[in-house]
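See below for the structure under consideration.
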Amino acid sequence: MRVVVIGAGIGGLTTAAILAHDGLEVEVLEAHTDPGGCAATFSYRGFRFDAGATLASGFAPGMPMAILGERLGISWGVHPEALAMQVHLPDGTTISRWTDRERWRIERRAHFGAAGEPFWAWQEQTAQALWDLAREGFPWPPQDAGEGWTLFWRATAWLRRHPGMWSSIVQDAFRPVAARLPEGERLRSFVDAQLMISAQATAARANALYGAVALDLPHTGVGSMPGGIGAIAERLVEAVRRAGGRVRFGQEVQRVRRSGPRAFRVETDAGEGMEADVVIFNLPPSNAAALLGEEAPPILRSLPEAPPDGWGAFMVYLGVPEDRIPPNLPLHHQILTEEGLAEGGMIFLTLSPSWDPTRAPPGFRSITISTHTALAPWWEALARSPQAYAARKAELTARVLRAARRLLPDLPASEAEWPEGWVLRTATPVTFYQFTRRARGWVAGFPQTSLWRYIGPRLAPGLWLVGDTVFPGPSIPAVALGAMRVAQQVQREAARARRWLLWGRPLPSSCSLSGGSIR
Ligand SMILES: Cc1cc2nc3c(=O)[nH]c(=O)nc-3n(C[C@H](O)[C@H](O)[C@H](O)COP(=O)(O)OP(=O)(O)OC[C@H]3O[C@@H](n4cnc5c(N)ncnc54)[C@H](O)[C@@H]3O)c2cc1C
């Protein structure tokens, strides 16, 4: 059984490493020169910058990255952090997101008072109950009768372990986080900001079950990777190769064609072609549709390149002298201004750890800042003129720097005033498109507004989708969890195919989905 994985993001590498580890012949083709995609780290003038993702989570025992590490024999080498991040509200308040639950309880009570406690009690109880379910695997949406049964039995066993939660879980499956939020400007502002970075939607739209789990992220085992976040993908590349699989860089796949009833031909831009029994797309749906062309299942073809509420990211990468950074400043900060939750109104700022010499030349630190940005204006500006695009970049850079100066007052106000020897680079959705090939530069998957919004990972027999557009959505641990499920399903499909070959029997109806009936 030969498996070709298109893309060496967290999703593609996780699936590839598990399948190679379990004895399948695996080849990963990555267009870029480095692995990691949105969770990569790149080099520039002696600095190592995290390209998109900066916060590593899910490493606590029983959490996705720990499970994955155990399964593959990977020691992540993550440095645990006591503080996941600090959230700086527009009114000047700073709230520390401690990883320890008791410390967080004290902190939140001090900021939101007793009135906020029923909300946090609901959030913690729901998140812990759902983690208990997710740990065993929760194949959502089910792709065949087998997964339907698995879902049914796991949900039944889980309800027995959590008696009394049935009614609240069912209600929360259909309503937003806001239905659970008490009155209170500060709590609302805090929750909205936290959900924007984890669910890509505010409390008014983010689904309550998803939101409860997303708000639990600081307690799932947060840490810093020596070498930057890209080290996670590098460990996975090593795991694929250790198990006998191949990972090749600079290989952009341009077409995937059916070459037999259960066989595919994968063609790269270098004119190379390879046969595969299984193809796994580590891509957004419309990218997968473009590679499949006429053979794309109708559901893929019916989706827009990016959903109307999907986000892009604007990034600012800074190389700054250590002595311009306030001493003992924590690593991760979410800074809110009065100017909204996107387009520089809210930023997420991460400093490289001072203990990591690989991230910056001596005496310097590298900083990655991100802000949500709408996709269309970037492409419109680019279509208008290079000047319009550059002006938009300069304007947003100034807004991001203004927000960052709340913590780093020594930063100059604009790129034009940038001192010699310091570094400032930016990235827009156009840059994300160029470096990750994600259509329109849409990142971080579908905003988590409904549990019924997911496309199933099984596109057709032998064709699978992994990454942040399939359940359970964006973030490194969530993508890894979704990819572990796909690896398991591919193995089951391979076993069925072997039985079929052996006995010449037709496949059971549950796995003979036509390309069009994915859900
Ligand atoms: C700005 C930003 C900040 C974030 N912050 C965090 C955070 O702090 N913590 C966290 O956990 N998550 C964070 N996330 C989310 C997380 O980074 C993503 O959800 C996750 O990395 C997506 O992984 P993926 O498997 O979907 O693949 P991607 O990262 O999209 O990777 C896909 C890979 O496929 C390759 N590829 C594409 N087309 C082709 C082709 N035709 N041929 C060959 N290769 C191809 C690309 O080059 C890329 O390497 C952030 C995301 C962004 C954008």
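Labeling convention for the structure tokens: chains A, B, ... as they appear, residues from 1 per chain, ligands from 1 in order of appearance.
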
List as an mmCIF file with C-alpha atoms, in the first residue's frame the protein and nucleic acid residues near Cys38 in chain A, meaning an atom at most 10 Å away when only C-alpha atoms are counted, but skip any in the same chain fewer than 2 places from it.
```cif
data_model
loop_
_atom_site.group_PDB
_atom_site.id
_atom_site.type_symbol
_atom_site.label_atom_id
_atom_site.label_comp_id
_atom_site.auth_asym_id
_atom_site.auth_seq_id
_atom_site.Cartn_x
_atom_site.Cartn_y
_atom_site.Cartn_z
ATOM 1 C CA GLY A 9 2.227 20.828 7.599
ATOM 2 C CA ILE A 10 1.375 19.417 11.031
ATOM 3 C CA PRO A 35 8.331 21.748 6.888
ATOM 4 C CA GLY A 36 5.582 23.173 9.119
ATOM 5 C CA ALA A 40 7.057 26.761 10.486
ATOM 6 C CA THR A 41 10.108 28.716 11.660
ATOM 7 C CA ASP A 50 8.071 31.674 13.897
ATOM 8 C CA ALA A 51 6.140 32.237 10.678
ATOM 9 C CA GLY A 52 2.565 31.997 12.050
ATOM 10 C CA ALA A 53 1.857 29.855 15.109
ATOM 11 C CA THR A 54 3.952 30.653 18.167
ATOM 12 C CA ILE A 229 7.689 26.222 16.797
ATOM 13 C CA GLY A 230 9.016 24.724 13.546
ATOM 14 C CA PHE A 432 0.847 33.161 3.108
ATOM 15 C CA PHE A 435 4.613 30.266 1.043
ATOM 16 C CA THR A 436 1.871 27.806 2.007
ATOM 17 C CA ARG A 438 -3.314 28.159 0.819
ATOM 18 C CA VAL A 443 -5.552 30.502 7.416
ATOM 19 C CA ALA A 444 -6.709 28.744 10.586
ATOM 20 C CA SER A 475 -4.220 24.799 16.259
ATOM 21 C CA ILE A 476 -1.306 22.404 16.330
#
```

* Asked: Neighbours of Asp172 in chain A within 9 Å (only C-alpha atoms; same-chain residues fewer than 6 positions away dropped), as a PyMOL selection string?
  -> chain A and resi 179-180+207-209

Once you have the residues from the selection above, write them out as a CSV table (one decimal), in the first residue's frame, restricted to C-alpha atoms.
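File produced: part-v3.csv:
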```csv
chain,number,residue,atom,x,y,z
A,179,ALA,CA,-25.6,32.2,25.7
A,180,ARG,CA,-23.4,31.2,28.7
A,207,ASN,CA,-20.1,27.4,19.2
A,208,ALA,CA,-20.4,26.9,23.0
A,209,LEU,CA,-18.9,23.4,23.0
```

* **Counting only C-alpha atoms, the option among A:Phe47, A:Phe119, A:Trp452, A:Trp442 closest to Phe314 in chain A** =>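 Among the listed residues, A:Trp442 lies closest to Phe314 in chain A.
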
* Which of range 61-257 of chain A DSSP labels strand (DSSP E or B), written as a PyMOL selection string -> chain A and resi 79-80+83-88+94-98+176+207+223-224+246-248+253-257

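Nearest residue to Gln86 in chain A among A:Asp410, A:Glu70, A:Glu107, A:Glu102 is A:Glu107, counting only C-alpha atoms.
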
* Asked: Nearest to ligand 1 among A:Gly271, A:Pro472, A:Gly92, A:Gly11, with distances taken over only C-alpha atoms and all ligand atoms: which residue is it?
  ->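 Among A:Gly271, A:Pro472, A:Gly92, A:Gly11, it is A:Gly11 that comes nearest to ligand 1.
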
* CA of Gly7 in chain A to CA of Thr358 in chain A, straight-line distance in Å ->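 Between these atoms lies a distance of 25.8 Å.
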
* Close residues, Arg324 in chain A itself excluded, 9 Å, only C-alpha atoms, min 2 positions apart in chain, as a count of residues only -> 9

* From the list A:Leu341, A:Ala495, A:Leu24, A:Ile197, which residue is nearest ligand 1 when using only C-alpha atoms and all ligand atoms? -> A:Ile197

* Pick out the closest residue to ligand 1 from this set: A:Gly441, A:Pro474, A:Gly245, A:Pro218. Count only C-alpha atoms and all ligand atoms. => A:Pro474
